[in-house]
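Novice: Below you'll find the structure I mean.
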Amino acid sequence: MRGAGIQFEQALNEEQWAAVSAPDGPVLVIAAAGTGKTRTLIYRVAWLVERGIDPRNILLLTFTNRAAREMLDRARTLVGDSVSGLWGGTFHHMANRILRRHAESVGYQNDYTILDQDDARSLVKTCTKELKLADKHFPKPDVLLSLYGFAASTERPVDRLANDRFEHTPIDVNDILKVHAAYEKRKRSLNAMDFDDLLVNGLRLFREHPALLERYREQFVHTLVDEYQDTNTIQSSWVDLIAGPGGNLLVVGDDFQSIYSWRGANFRNILSFPERYPGARMYKLVTNYRSVPEILGMANACIAGNPEQFQKTLKAVRESYQKPVLAQMRDGREQAGYVIDRLRALRAEGYRMSDMVVLYRSHFHALEMQLELAQRGMPYTITSGVRFFEQAHIKDVSTLLRLFSNPGDELAFQRLLGLWPRIGQKTAIKIWNAMGHRCDLRKEATRQRMADLLPGPARDAWNAVDVIAADVEKDALMNDPGEVVHRFTKAFYALYAKETYDNADRRLEDIDELINYTSRFDSIEAFLNEVALLTNLDAEMDPVEKESDDCVRLSTVHQAKGLEWRVVFILWMAEGMFPSSRTLNEAGEDAEERRLFYVAVTRAKDELYLCAPRCRRLRDGGMNFLSPSRFIEELSPDLMQQVRGV
DNA sequence: GTTTCGGTTCTTTTT
DNA sequence: GAACCGAAAC
């Protein structure tokens with residue numbers, strides 16, 4: 001009788017308990033920031049299990065790996081090991097897990113590879129080049145990919161979107177469609193899916209194979225969805241199918257915190273839930289345990305004017321403390337100086353560095369901050385723009401694994417050969433063609449052929465790979481990804497890194513960390529499968545390990561979602577920075593930026609500092625004068641205390 | 001014909 | 001950083 005001891009009504013407040021104990025059928029939980037959303041979901045799982053539901057019949061969907069892990073960990077603590085049978089993870093993970101069994105039903109083989117952003121980018125680039133469209137004014141691969149991705153996640157035709165986007169430009173929309181067609185075809189022939197394909201094909205699988213859908217519907221008696229406001233069209237359709245009309249679907253979200261519309265998220269999914277699920281019960285969580293009333297006052301005020309939302313006001317339970325600080329200063333350097341001074345003072349007051357965070361709109365806003373922190377010898381961690389598994393050196397040492405796992409992986413082949421001297425893209429393609437579009441290094445004949453085809457200078461590098469490949473069977477390397485990476489690094493990559501990068505040591509440390517991380521996988525496939533869907537190792541790292549070094553954290557607001565700190569600094573509260581000028585071009589719509597600001601404000605528990613520099617130094621030595629952010633101007637001055645941040 | 005090298009430019013947000 | 005470009009080197 002595990003879990004029988006849980007005292008639901010003592011552990012939860014009334015709002016939470018009502019949601020946790022909601023009867024079967026569709027349920028919408030509007031959970032404002034800091035109101036115990038995760039707690040509610042976990043106790044809901046516990047409650048279901050206690051009422052006799054087998055965890056294997058529960059599906060729990062999240063957006064980030066971090067959220068998935070946190071929930072599964074906490075659920076395990078609460079309910080016990082029996083929850084390990086629960087299906088929990090990101091939408092992409094779950095789609096992948098299901099597609100691995102039924103890929104042939106949507107025209108793929110089950111051992112398809114997953115393309116990350118980087119792979120997708122180079123594939124689009126190749127397609128563009130092959131169509132001879134790669135001139136200066138043609139959209140860059142990232143632009144094309146975001147267009148294709150947006151079309152996929154909103155189920156809208158690419159040509160319409162392309163028309164809208166490039167209407168007043170000299171770009172021929174047909175060319176964009178040609179690249180799209182080539183990209184799609186290429187993915188098919190490589191047996192590869194990008195992130196969007198996982199969702200698209202996951203949905204197709206259920207739409208086109210009702211018998212399969214029926215099977216999974218029977219399995220998933222209860223479906224729970226976290227961050228529902230961030231679902232896009234295909235995700236919400238997928239959830240609708242799995243749950244079925246009137247099904248046991250509980251979604252949790254906060255329309256105030258919808259900040260992913262640029263990648264197809266549609267917060268109307270949450271607004272229209274009651275209409276799409278007639279009879280759905282709705283619960284609101286508005287009691288905030290996180291922040292002092294002064295911070296909540298600012299949060300409530302800043303968001304109230306947005307159109308189209310479930311109106312709600314955060315209710316404070318904490319005692320009154322101090323008002324948020326608006327600090328004005330001359331430029332980015334003074335801003336950095338101010339923040340560092342405050343960090344020091346707060347540390348002296350007893351805050352730990354890890355209690356504090358510096359948030360900003362875009363990665364490059366943190367540049368001066370990083371410089372100053374480094375100069376003054378203050379340790380910090382930053383979740384940078386490039387994710388751990390997409391850094392060049394991490395991808396480099398993973399290529400061999402990819403090739404072992406899938407000898408038809410052209411992208412991996414080209415990347416591997418590109419590391420070797422006197423081999424660039426052209427030569428790599430030539431050799432790939434000569435190999436007959438396949439390179440199974442585990443076969444001796446293949447290795448012999450490779451040796452014959454390679455130009456002289458690449459011999460040494462090849463030998464390193466040759467030796468590893470020859471021992472694959474003998475040393476059971478297919479079951480030991482870390483060992484492959486280790487041998488490859490030792491025999492080749494360490495030297496390569498030292499010749500290529502001035503920060504080779506740090507990169508080699510990363511590789512050690514990667515090897516460390518791989519130890520939890522007992523096959524190359526399992527490792528690759530997992531890694532393709534991961535974003536950064538930070539989220540996966542042992543929390544105990546992280547607490548040992550007491551660092552202030554720098555992060556974008558997007559990446560800070562769902563987290564909290566005692567002290568929060570928000571940088572660059574100026575027009576054009578936050579809100580970002582990039583977002584404001586169309587029709588003056590700033591609702592999403594305002595929601596982003598709301599997310600930033602509600603991360604703070606005790607103290608909040610808004611920094612507003614008056615100007616920004618430009619690269620060419622010029623100056624850019626900034627006006628204060630509209631998000632500050634909109635607020636009544638008595639919601640904050642103003643200081644001069646010098 | 002390819003690769004390499006050195007200098008220049010630009011950074012929205014993520015699975 | 002890292003993607004890009006043009007020029008030098010192989």
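Letters for chains follow the order of the structure tokens (A, B, ...), residue numbers begin at 1 for each chain, and ligand numbers begin at 1 in the order shown.
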Fewer than 5 positions away in the same chain doesn't count, so skip those; otherwise give me all residues within 12 Å of range 120-137 of chain A, counting only C-alpha atoms (C1' of nucleotides), as a ChimeraX atom specification.
Specialist: /A:113-115,142-146,148-149,166,169-187,190,192-197,390,409-412,414-415,425-426,429,532 /C:3-5
Novice: For DA8 in chain C, please output as number ranges by chain all residues within 12 Å (counting only C-alpha atoms (C1' of nucleotides); exclusion window: fewer than 4 positions along the same chain).
Specialist: B: 3-6
Novice: Quote the spacing between CA of Thr62 in chain A and CA of Ala604 in chain A in Å to one decimal place.
Specialist: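 Those two atoms sit 23.0 Å apart.
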Novice: Restrict the distance test to only C-alpha atoms (C1' of nucleotides), flag each residue of chain B within 9 Å of chain A, and return the flagged residues as a PyMOL selection string.
Specialist: chain B and resi 2-4+11-15
Novice: Please return, as a PyMOL selection string, all residues of chain C lying within 10 Å of chain A when only C-alpha atoms (C1' of nucleotides) are considered.
Specialist: chain C and resi 1-2+10
Novice: For those residues, write C-alpha atoms (C1' of nucleotides) to a file as a compact mmCIF listing (two decimals), in the first residue's frame.
Specialist:
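Result went into result_13.txt, see below:
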```txt
# COMPACT_ATOMS: atom_id res chain seq x y z
C1' DG C 1 32.00 32.27 -30.75
C1' DA C 2 31.00 31.02 -35.41
C1' DC C 10 48.67 23.06 -51.40
```
Novice: Just list the residues in range 33-66 of chain A DSSP gives strand (DSSP E or B) on the backbone, as a list in words.
Specialist: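 The strand (DSSP E or B) subset of range 33-66 of chain A is Ile58, Leu59, Leu60, Leu61 and Thr62 of chain A.
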Novice: What does the file look like for those residues with C-alpha atoms, as a CSV table (one decimal), in the first residue's frame?
Specialist:
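out-v4.csv, written as the output of this step:
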```csv
chain,number,residue,atom,x,y,z
A,58,ILE,CA,-0.6,7.6,-17.1
A,59,LEU,CA,1.0,9.9,-19.7
A,60,LEU,CA,2.7,13.0,-18.5
A,61,LEU,CA,3.8,15.6,-21.1
A,62,THR,CA,6.2,18.5,-20.5
```
